[in-house]
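Structure file final-v1.cif with mmCIF, C-alpha atoms:
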data_run
loop_
_atom_site.group_PDB
_atom_site.id
_atom_site.type_symbol
_atom_site.label_atom_id
_atom_site.label_comp_id
_atom_site.auth_asym_id
_atom_site.auth_seq_id
_atom_site.Cartn_x
_atom_site.Cartn_y
_atom_site.Cartn_z
ATOM 1 C CA MET A 1 114.324 121.259 115.105
ATOM 2 C CA LEU A 2 114.997 117.542 115.258
ATOM 3 C CA GLY A 3 111.285 117.002 115.829
ATOM 4 C CA THR A 4 110.427 119.159 112.804
ATOM 5 C CA TYR A 5 112.676 117.067 110.537
ATOM 6 C CA LEU A 6 111.282 113.851 112.005
ATOM 7 C CA GLY A 7 107.731 115.048 111.298
ATOM 8 C CA ARG A 8 108.592 115.998 107.725
ATOM 9 C CA GLY A 9 110.277 112.633 107.243
ATOM 10 C CA VAL A 10 107.240 110.688 108.461
ATOM 11 C CA ALA A 11 104.884 112.818 106.310
ATOM 12 C CA ALA A 12 107.074 112.420 103.208
ATOM 13 C CA GLY A 13 107.481 108.695 103.905
ATOM 14 C CA LEU A 14 103.763 108.097 104.344
ATOM 15 C CA LEU A 15 102.880 109.989 101.151
ATOM 16 C CA ALA A 16 105.659 108.379 99.095
ATOM 17 C CA GLY A 17 104.807 105.006 100.658
ATOM 18 C CA LEU A 18 101.185 105.324 99.514
ATOM 19 C CA ALA A 19 102.364 106.203 95.989
ATOM 20 C CA ALA A 20 104.818 103.284 95.991
ATOM 21 C CA GLY A 21 102.085 101.008 97.368
ATOM 22 C CA VAL A 22 99.753 101.952 94.519
ATOM 23 C CA PHE A 23 102.641 101.390 92.069
ATOM 24 C CA ALA A 24 103.256 97.947 93.603
ATOM 25 C CA TYR A 25 99.517 97.159 93.473
ATOM 26 C CA PHE A 26 99.376 97.709 89.714
ATOM 27 C CA PHE A 27 102.872 96.639 88.622
ATOM 28 C CA GLY A 28 103.888 94.095 91.283
ATOM 29 C CA GLU A 29 100.689 92.208 92.109
ATOM 30 C CA PRO A 30 100.283 90.636 88.634
ATOM 31 C CA HIS A 31 103.657 88.896 89.095
ATOM 32 C CA VAL A 32 102.855 87.837 92.670
ATOM 33 C CA ASP A 33 99.667 86.287 91.268
ATOM 34 C CA ARG A 34 101.615 84.465 88.533
ATOM 35 C CA ALA A 35 104.044 83.143 91.170
ATOM 36 C CA LEU A 36 101.204 82.027 93.472
ATOM 37 C CA ALA A 37 99.512 80.214 90.556
ATOM 38 C CA LEU A 38 102.751 78.255 90.022
ATOM 39 C CA GLU A 39 102.997 77.530 93.735
ATOM 40 C CA SER A 40 99.424 76.282 94.169
ATOM 41 C CA GLY A 41 99.210 73.305 96.465
ATOM 42 C CA ASN A 42 102.165 73.972 98.753
ATOM 43 C CA ALA A 43 101.209 77.561 99.614
ATOM 44 C CA PHE A 44 101.510 78.925 103.144
ATOM 45 C CA ASN A 45 98.361 78.687 105.293
ATOM 46 C CA GLN A 46 95.735 80.988 103.803
ATOM 47 C CA VAL A 47 94.037 82.651 106.763
ATOM 48 C CA VAL A 48 93.873 85.921 104.804
ATOM 49 C CA ASP A 49 92.298 85.892 101.338
ATOM 50 C CA ARG A 50 93.911 87.380 98.237
ATOM 51 C CA PRO A 51 91.950 90.671 98.053
ATOM 52 C CA THR A 52 92.923 91.368 101.686
ATOM 53 C CA GLN A 53 96.548 90.518 100.931
ATOM 54 C CA ARG A 54 96.481 92.992 98.016
ATOM 55 C CA LEU A 55 95.171 95.660 100.376
ATOM 56 C CA GLY A 56 97.832 94.535 102.860
ATOM 57 C CA LEU A 57 100.466 95.242 100.221
ATOM 58 C CA VAL A 58 99.499 98.924 100.009
ATOM 59 C CA VAL A 59 99.278 99.182 103.818
ATOM 60 C CA ALA A 60 102.662 97.451 104.200
ATOM 61 C CA VAL A 61 104.428 99.760 101.749
ATOM 62 C CA ALA A 62 102.807 102.865 103.295
ATOM 63 C CA LEU A 63 103.825 101.857 106.856
ATOM 64 C CA TYR A 64 107.300 100.889 105.669
ATOM 65 C CA GLY A 65 107.493 104.298 103.950
ATOM 66 C CA ALA A 66 106.509 106.116 107.149
ATOM 67 C CA SER A 67 109.151 104.140 109.104
ATOM 68 C CA VAL A 68 112.034 104.754 106.705
ATOM 69 C CA GLY A 69 110.764 108.339 106.360
ATOM 70 C CA ALA A 70 111.366 108.762 110.106
ATOM 71 C CA VAL A 71 114.887 107.360 109.666
ATOM 72 C CA PHE A 72 115.352 109.709 106.696
ATOM 73 C CA GLY A 73 114.274 112.778 108.688
ATOM 74 C CA LEU A 74 116.608 112.008 111.614
ATOM 75 C CA THR A 75 119.518 111.251 109.274
ATOM 76 C CA PHE A 76 118.891 114.478 107.366
ATOM 77 C CA ALA A 77 118.840 116.474 110.625
ATOM 78 C CA SER A 78 122.176 115.029 111.781
ATOM 79 C CA LEU A 79 124.015 115.315 108.436
ATOM 80 C CA ARG A 80 122.513 118.503 106.969
ATOM 81 C CA GLU A 81 125.269 120.859 108.132
ATOM 82 C CA ARG A 82 127.986 118.646 106.674
ATOM 83 C CA MET A 83 126.450 118.014 103.241
ATOM 84 C CA ALA A 84 128.010 119.770 100.264
ATOM 85 C CA ALA A 85 124.792 120.340 98.302
ATOM 86 C CA PRO A 86 123.833 124.019 98.070
ATOM 87 C CA ASP A 87 120.185 123.807 99.241
ATOM 88 C CA ASP A 88 117.764 121.556 101.126
ATOM 89 C CA TRP A 89 116.092 120.303 97.930
ATOM 90 C CA SER A 90 119.419 118.970 96.580
ATOM 91 C CA ARG A 91 120.439 117.634 99.995
ATOM 92 C CA SER A 92 117.144 115.783 100.310
ATOM 93 C CA LEU A 93 117.412 114.194 96.856
ATOM 94 C CA ARG A 94 121.022 113.152 97.416
ATOM 95 C CA LEU A 95 120.255 111.641 100.818
ATOM 96 C CA SER A 96 117.297 109.718 99.403
ATOM 97 C CA ALA A 97 119.488 108.369 96.583
ATOM 98 C CA ALA A 98 122.125 107.312 99.132
ATOM 99 C CA LEU A 99 119.568 105.573 101.355
ATOM 100 C CA PHE A 100 117.900 103.883 98.361
ATOM 101 C CA ALA A 101 121.317 102.463 97.466
ATOM 102 C CA GLY A 102 122.450 101.593 101.000
ATOM 103 C CA LEU A 103 119.218 100.204 102.424
ATOM 104 C CA PHE A 104 117.799 98.529 99.325
ATOM 105 C CA PHE A 105 119.603 98.469 95.989
ATOM 106 C CA LEU A 106 123.110 97.345 97.051
ATOM 107 C CA PRO A 107 121.723 94.527 99.274
ATOM 108 C CA PHE A 108 119.392 93.647 96.369
ATOM 109 C CA LEU A 109 122.426 93.031 94.109
ATOM 110 C CA LYS A 110 123.496 90.174 96.397
ATOM 111 C CA TYR A 111 120.125 89.031 97.765
ATOM 112 C CA PRO A 112 117.422 90.074 95.260
ATOM 113 C CA ALA A 113 113.730 90.079 96.142
ATOM 114 C CA ASP A 114 112.122 86.674 95.530
ATOM 115 C CA PRO A 115 108.511 85.955 94.569
ATOM 116 C CA PRO A 116 106.400 83.481 96.595
ATOM 117 C CA GLY A 117 107.384 79.858 96.102
ATOM 118 C CA THR A 118 111.145 80.256 95.640
ATOM 119 C CA GLY A 119 112.512 80.232 99.196
ATOM 120 C CA ASP A 120 112.954 77.327 101.611
ATOM 121 C CA PRO A 121 110.930 78.054 104.797
ATOM 122 C CA SER A 122 113.306 75.964 106.939
ATOM 123 C CA ASP A 123 116.236 78.417 106.814
ATOM 124 C CA ILE A 124 114.212 81.653 106.807
ATOM 125 C CA GLY A 125 115.712 82.754 110.139
ATOM 126 C CA PHE A 126 119.271 82.369 108.882
ATOM 127 C CA ARG A 127 118.506 84.147 105.597
ATOM 128 C CA THR A 128 116.823 86.997 107.479
ATOM 129 C CA VAL A 129 119.906 87.539 109.680
ATOM 130 C CA VAL A 130 122.194 87.379 106.629
ATOM 131 C CA TYR A 131 120.004 89.926 104.843
ATOM 132 C CA LEU A 132 119.965 92.333 107.803
ATOM 133 C CA VAL A 133 123.761 92.088 108.147
ATOM 134 C CA THR A 134 124.048 92.860 104.422
ATOM 135 C CA VAL A 135 121.765 95.906 104.749
ATOM 136 C CA ALA A 136 123.819 97.159 107.725
ATOM 137 C CA VAL A 137 127.135 96.685 105.891
ATOM 138 C CA CYS A 138 125.906 98.310 102.655
ATOM 139 C CA ALA A 139 124.402 101.312 104.464
ATOM 140 C CA GLY A 140 127.578 101.598 106.561
ATOM 141 C CA ALA A 141 129.761 101.413 103.437
ATOM 142 C CA VAL A 142 127.794 104.240 101.778
ATOM 143 C CA PHE A 143 128.152 106.346 104.944
ATOM 144 C CA VAL A 144 131.912 105.713 105.182
ATOM 145 C CA ALA A 145 132.332 106.470 101.450
ATOM 146 C CA TRP A 146 130.548 109.797 101.931
ATOM 147 C CA ASN A 147 132.784 110.636 104.912
ATOM 148 C CA VAL A 148 135.965 109.760 103.009
ATOM 149 C CA ALA A 149 134.814 111.868 100.041
ATOM 150 C CA ARG A 150 134.148 114.783 102.386
ATOM 151 C CA THR A 151 137.606 114.501 103.990
ATOM 152 C CA LEU A 152 139.264 114.360 100.549
ATOM 153 C CA ARG A 153 137.284 117.379 99.344
ATOM 154 C CA GLU A 154 138.291 119.396 102.394
ATOM 155 C CA GLY A 155 141.887 118.261 101.829
ATOM 156 C CA GLY A 156 141.774 119.775 98.327
ATOM 157 C CA THR A 157 141.598 116.600 96.191
ATOM 158 C CA GLY A 158 140.131 117.382 92.746
ATOM 159 C CA THR A 159 136.661 116.148 91.867
ATOM 160 C CA PRO A 160 137.578 113.488 89.226
ATOM 161 C CA ALA A 161 140.295 111.924 91.410
ATOM 162 C CA ARG A 162 138.081 112.031 94.494
ATOM 163 C CA GLN A 163 135.002 110.511 92.897
ATOM 164 C CA ALA A 164 136.982 107.832 91.032
ATOM 165 C CA LEU A 165 138.867 106.880 94.197
ATOM 166 C CA VAL A 166 135.799 106.735 96.449
ATOM 167 C CA GLY A 167 133.722 104.945 93.793
ATOM 168 C CA ALA A 168 136.416 102.321 93.165
ATOM 169 C CA GLY A 169 136.938 101.867 96.909
ATOM 170 C CA LEU A 170 133.210 101.316 97.496
ATOM 171 C CA VAL A 171 133.025 98.779 94.656
ATOM 172 C CA ALA A 172 136.122 96.927 95.950
ATOM 173 C CA VAL A 173 134.867 96.737 99.547
ATOM 174 C CA LEU A 174 131.365 95.574 98.561
ATOM 175 C CA ALA A 175 132.734 93.073 96.020
ATOM 176 C CA ALA A 176 134.893 91.482 98.730
ATOM 177 C CA PHE A 177 131.972 91.493 101.173
ATOM 178 C CA PHE A 178 129.510 89.957 98.678
ATOM 179 C CA PHE A 179 132.115 87.323 97.793
ATOM 180 C CA ALA A 180 132.508 86.353 101.457
ATOM 181 C CA MET A 181 128.761 86.136 102.188
ATOM 182 C CA PRO A 182 126.728 82.927 101.649
ATOM 183 C CA PRO A 183 125.148 82.578 98.182
ATOM 184 C CA ALA A 184 121.578 83.758 97.587
ATOM 185 C CA THR A 185 118.780 81.184 97.388
ATOM 186 C CA SER A 186 118.728 79.559 93.968
ATOM 187 C CA PRO A 187 115.284 79.931 92.378
ATOM 188 C CA ALA A 188 116.047 76.677 90.528
ATOM 189 C CA GLY A 189 113.341 75.757 88.054
ATOM 190 C CA PHE A 190 111.329 78.936 88.654
ATOM 191 C CA PRO A 191 110.311 80.559 85.333
ATOM 192 C CA GLY A 192 112.842 83.263 84.480
ATOM 193 C CA ASP A 193 110.352 85.699 82.950
ATOM 194 C CA VAL A 194 108.160 85.760 86.073
ATOM 195 C CA LEU A 195 111.261 86.143 88.262
ATOM 196 C CA TRP A 196 112.600 89.059 86.165
ATOM 197 C CA ASP A 197 109.264 90.901 86.029
ATOM 198 C CA PHE A 198 108.748 90.442 89.766
ATOM 199 C CA ARG A 199 112.215 91.766 90.608
ATOM 200 C CA MET A 200 111.878 94.759 88.297
ATOM 201 C CA SER A 201 108.592 95.669 89.973
ATOM 202 C CA ALA A 202 110.295 95.361 93.385
ATOM 203 C CA VAL A 203 113.051 97.766 92.275
ATOM 204 C CA GLY A 204 110.403 100.089 90.811
ATOM 205 C CA THR A 205 108.453 100.119 94.084
ATOM 206 C CA GLN A 206 111.555 101.135 96.065
ATOM 207 C CA ALA A 207 112.550 103.697 93.409
ATOM 208 C CA VAL A 208 109.112 105.361 93.606
ATOM 209 C CA LEU A 209 109.300 105.291 97.405
ATOM 210 C CA TRP A 210 112.754 106.862 97.757
ATOM 211 C CA ALA A 211 112.332 109.380 94.944
ATOM 212 C CA GLY A 212 109.034 110.369 96.558
ATOM 213 C CA ILE A 213 110.580 110.750 100.021
ATOM 214 C CA GLY A 214 113.437 112.865 98.623
ATOM 215 C CA ALA A 215 111.111 115.103 96.603
ATOM 216 C CA VAL A 216 108.375 115.598 99.223
ATOM 217 C CA PHE A 217 110.838 116.124 102.078
ATOM 218 C CA GLY A 218 112.909 118.546 99.978
ATOM 219 C CA ALA A 219 109.797 120.476 98.952
ATOM 220 C CA LEU A 220 108.616 120.728 102.592
ATOM 221 C CA CYS A 221 112.016 122.125 103.622
ATOM 222 C CA GLU A 222 112.113 124.621 100.748
ATOM 223 C CA ARG A 223 108.599 125.837 101.523
ATOM 224 C CA THR A 224 109.583 126.602 105.132
ATOM 225 C CA ASN A 225 112.868 128.192 104.016
ATOM 226 C CA ARG A 226 111.028 130.507 101.592
ATOM 227 C CA LYS A 227 108.606 131.546 104.313
ATOM 228 C CA GLY A 228 111.549 132.233 106.612
ATOM 229 C CA THR A 229 113.306 134.589 104.188
ATOM 230 C CA ALA A 230 110.194 136.339 102.840
ATOM 231 C CA MET B 1 122.166 113.012 117.917
ATOM 232 C CA TYR B 2 120.569 112.545 121.338
ATOM 233 C CA ARG B 3 121.543 116.149 122.091
ATOM 234 C CA ALA B 4 121.586 117.295 118.485
ATOM 235 C CA LEU B 5 120.628 120.870 117.655
ATOM 236 C CA GLY B 6 120.826 122.296 121.147
ATOM 237 C CA ARG B 7 118.593 120.667 123.721
ATOM 238 C CA PRO B 8 118.285 117.015 124.679
ATOM 239 C CA ASN B 9 115.532 115.200 122.830
ATOM 240 C CA LEU B 10 114.038 112.891 125.430
ATOM 241 C CA TRP B 11 111.437 111.565 123.005
ATOM 242 C CA LEU B 12 114.101 110.356 120.564
ATOM 243 C CA LEU B 13 114.671 106.875 122.027
ATOM 244 C CA PRO B 14 110.948 106.017 122.375
ATOM 245 C CA ALA B 15 110.396 107.317 118.818
ATOM 246 C CA LEU B 16 113.210 105.139 117.462
ATOM 247 C CA ALA B 17 111.834 102.131 119.361
ATOM 248 C CA LEU B 18 108.427 102.736 117.767
ATOM 249 C CA VAL B 19 109.985 102.933 114.287
ATOM 250 C CA LEU B 20 111.859 99.652 114.826
ATOM 251 C CA LEU B 21 108.718 97.976 116.170
ATOM 252 C CA MET B 22 106.763 99.098 113.096
ATOM 253 C CA ILE B 23 109.433 97.805 110.708
ATOM 254 C CA PHE B 24 109.472 94.517 112.619
ATOM 255 C CA ALA B 25 105.671 94.199 112.488
ATOM 256 C CA VAL B 26 105.459 94.941 108.756
ATOM 257 C CA LEU B 27 108.488 92.994 107.521
ATOM 258 C CA PHE B 28 109.491 90.267 109.970
ATOM 259 C CA ASP B 29 106.910 89.251 112.602
ATOM 260 C CA ASN B 30 105.687 85.670 112.400
ATOM 261 C CA GLY B 31 103.266 85.578 115.315
ATOM 262 C CA ALA B 32 105.331 86.927 118.215
ATOM 263 C CA LEU B 33 103.527 90.287 118.431
ATOM 264 C CA LEU B 34 100.030 88.797 118.530
ATOM 265 C CA ALA B 35 100.969 85.940 120.883
ATOM 266 C CA PRO B 36 99.895 87.843 124.032
ATOM 267 C CA LEU B 37 96.432 88.263 122.438
ATOM 268 C CA LEU B 38 95.946 84.953 120.685
ATOM 269 C CA GLY B 39 98.195 82.593 122.608
ATOM 270 C CA GLU B 40 99.569 79.640 120.650
ATOM 271 C CA ALA B 41 97.196 80.278 117.754
ATOM 272 C CA ALA B 42 99.232 83.403 116.878
ATOM 273 C CA GLY B 43 102.027 81.291 115.346
ATOM 274 C CA LYS B 44 99.627 79.148 113.317
ATOM 275 C CA THR B 45 97.331 81.884 112.030
ATOM 276 C CA ASN B 46 100.244 84.299 111.552
ATOM 277 C CA TYR B 47 97.928 87.197 110.709
ATOM 278 C CA LEU B 48 100.593 89.892 110.294
ATOM 279 C CA HIS B 49 102.663 87.660 108.006
ATOM 280 C CA GLU B 50 99.628 86.873 105.883
ATOM 281 C CA PHE B 51 98.317 90.451 105.744
ATOM 282 C CA PHE B 52 101.715 91.934 104.848
ATOM 283 C CA HIS B 53 102.649 88.876 102.728
ATOM 284 C CA ASP B 54 102.787 90.542 99.292
ATOM 285 C CA GLY B 55 104.483 93.633 100.725
ATOM 286 C CA ARG B 56 107.239 91.551 102.289
ATOM 287 C CA HIS B 57 107.950 89.840 98.969
ATOM 288 C CA LEU B 58 107.906 93.076 96.947
ATOM 289 C CA LEU B 59 109.928 95.073 99.488
ATOM 290 C CA GLY B 60 112.655 92.465 99.160
ATOM 291 C CA VAL B 61 112.997 90.806 102.565
ATOM 292 C CA PRO B 62 113.775 87.063 102.588
ATOM 293 C CA GLY B 63 110.712 84.809 102.490
ATOM 294 C CA HIS B 64 109.451 81.435 101.412
#
Just give me the structure as structure tokens.
Amino acid sequence: MLGTYLGRGVAAGLLAGLAAGVFAYFFGEPHVDRALALESGNAFNQVVDRPTQRLGLVVAVALYGASVGAVFGLTFASLRERMAAPDDWSRSLRLSAALFAGLFFLPFLKYPADPPGTGDPSDIGFRTVVYLVTVAVCAGAVFVAWNVARTLREGGTGTPARQALVGAGLVAVLAAFFFAMPPATSPAGFPGDVLWDFRMSAVGTQAVLWAGIGAVFGALCERTNRKGTA
Amino acid sequence: MYRALGRPNLWLLPALALVLLMIFAVLFDNGALLAPLLGEAAGKTNYLHEFFHDGRHLLGVPGH
């Protein structure tokens, strides 16, 4: 069964990744191009030309989708029995929303995506470690919050009290964590409109990806379930 | 999870390793993976970084 869920996760991730890659191609690339035009002169070595890099974008998002789809499938398999949602479709959508938040959106609030030409190459290693720690802590915080909510629900705590308590706790923990972590790179002098458009397209790409994974994976589960009961 | 849902899943660890390797190749590699093929040129040409360049920026990992 674990293998079945893993397979569905990879399939959903690849499909959603292709959709997100096409989204990024049309809505993200224009802002990457604007950023590169500003950067001209001190760009990284160009051994790969721009059309190939645009193709590389779609390939990158598709492969990333397949990878996180695998993680999604395994996570779904291990948590399915303990999730409160009434059916696999709802479970799948809720898990994809949780992973979107934990693996991308919450880390993004502290360390947002940056277009080419804003970061200092000399401390890239340090910033990468800091980012990975942030992803691990945010994903862990979402997981712990879900566990606490589950314990409270089983203990009979009412829905408003439970959700308010867990929500406030998550905000407090992440606020303290973000406060303690080193500041994000300042894009000093970089045009604000390009920066905003780029970041919105980055959020959009991840939103398409995770919504796609949740929907495709949920639909695959429901299809099998219907066959099983028919 | 290694023994989740009944029987042991011996393929689980290799599968996870493959997933991590893929994420590393797409998002983080700066020449290390191609070094056995290209030698020292791998760091300078940095093919994976350049090919996945736009994806790395738009997927939100730290860059330059």
Checklist line | Nearby residues (only C-alpha atoms) at most 7 Å from Trp89 of chain A, same-chain spacing under 5 positions excluded, as a count of residues only | finding: 3
Next item on the list: Just the residues within 8 Å of segment 35-49 of chain B, please, counting only C-alpha atoms, with nothing from its chain fewer than 3 positions along; format it as a VMD selection string.
Entry: (chain A and resid 45 47 to 48) or (chain B and resid 25 to 32 52 to 53)
Counting all atoms listed in the file, which residues of chain B fall within 7 Å of chain A, and what is the closest atom pair for each with its distance in Å at one decimal, ordered by chain and rising number, as CSV?
residue,atom,partner,partner_atom,distance
B:Met1,CA,A:Ser78,CA,6.5
B:Leu5,CA,A:Met1,CA,6.8
B:Val19,CA,A:Ser67,CA,5.4
B:Met22,CA,A:Ser67,CA,6.9
B:Ile23,CA,A:Tyr64,CA,6.3
B:Val26,CA,A:Ala60,CA,5.9
B:Thr45,CA,A:Val47,CA,6.3
B:Glu50,CA,A:Val48,CA,5.9
B:Phe51,CA,A:Gly56,CA,5.0
B:Phe52,CA,A:Gly56,CA,5.1
B:His53,CA,A:Gln53,CA,6.6
B:Asp54,CA,A:Leu57,CA,5.3
B:Gly55,CA,A:Leu57,CA,4.4
B:His57,CA,A:Pro115,CA,5.9
B:Leu58,CA,A:Ala202,CA,4.9
B:Leu59,CA,A:Ala202,CA,6.1
B:Gly60,CA,A:Ala113,CA,4.0
B:Val61,CA,A:Ala113,CA,6.5
B:Pro62,CA,A:Thr128,CA,5.8
B:Gly63,CA,A:Gly119,CA,5.9
B:His64,CA,A:Gly119,CA,4.0
Note to self: Using Å and a single decimal, report how far atom CA of Gly228 of chain A sits from atom CA of Leu99 of chain A.
What the structure shows: 28.3 Å
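With all atoms listed in the file as the atoms that count, the residue of A:Cys221, A:Val133, A:Leu95, A:Leu38 with the shortest distance to Gly7 of chain A is A:Cys221.
Atom CA of Phe72 of chain A lies 17.0 Å from atom CA of Asn9 of chain B.
Between atom CA of Val144 of chain A and atom CA of Gly73 of chain A the separation is 19.3 Å.
This file, filtered with the PyMOL selection byres ((chain A and resi 143) around 12), gives the residues A:Thr75, A:Leu79, A:Met83, A:Leu95, A:Ala98, A:Leu99, A:Ala101, A:Gly102, A:Leu103, A:Ala136, A:Val137, A:Cys138, A:Ala139, A:Gly140, A:Ala141, A:Val142, A:Val144, A:Ala145, A:Trp146, A:Asn147, A:Val148, A:Ala149, A:Arg150, A:Val166, A:Leu170.
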Check: Residues picked by the PyMOL selection byres ((chain A and resi 93) around 8) here, as number ranges by chain?
Finding: A: 89-92, 94-97, 211, 214-215, 218
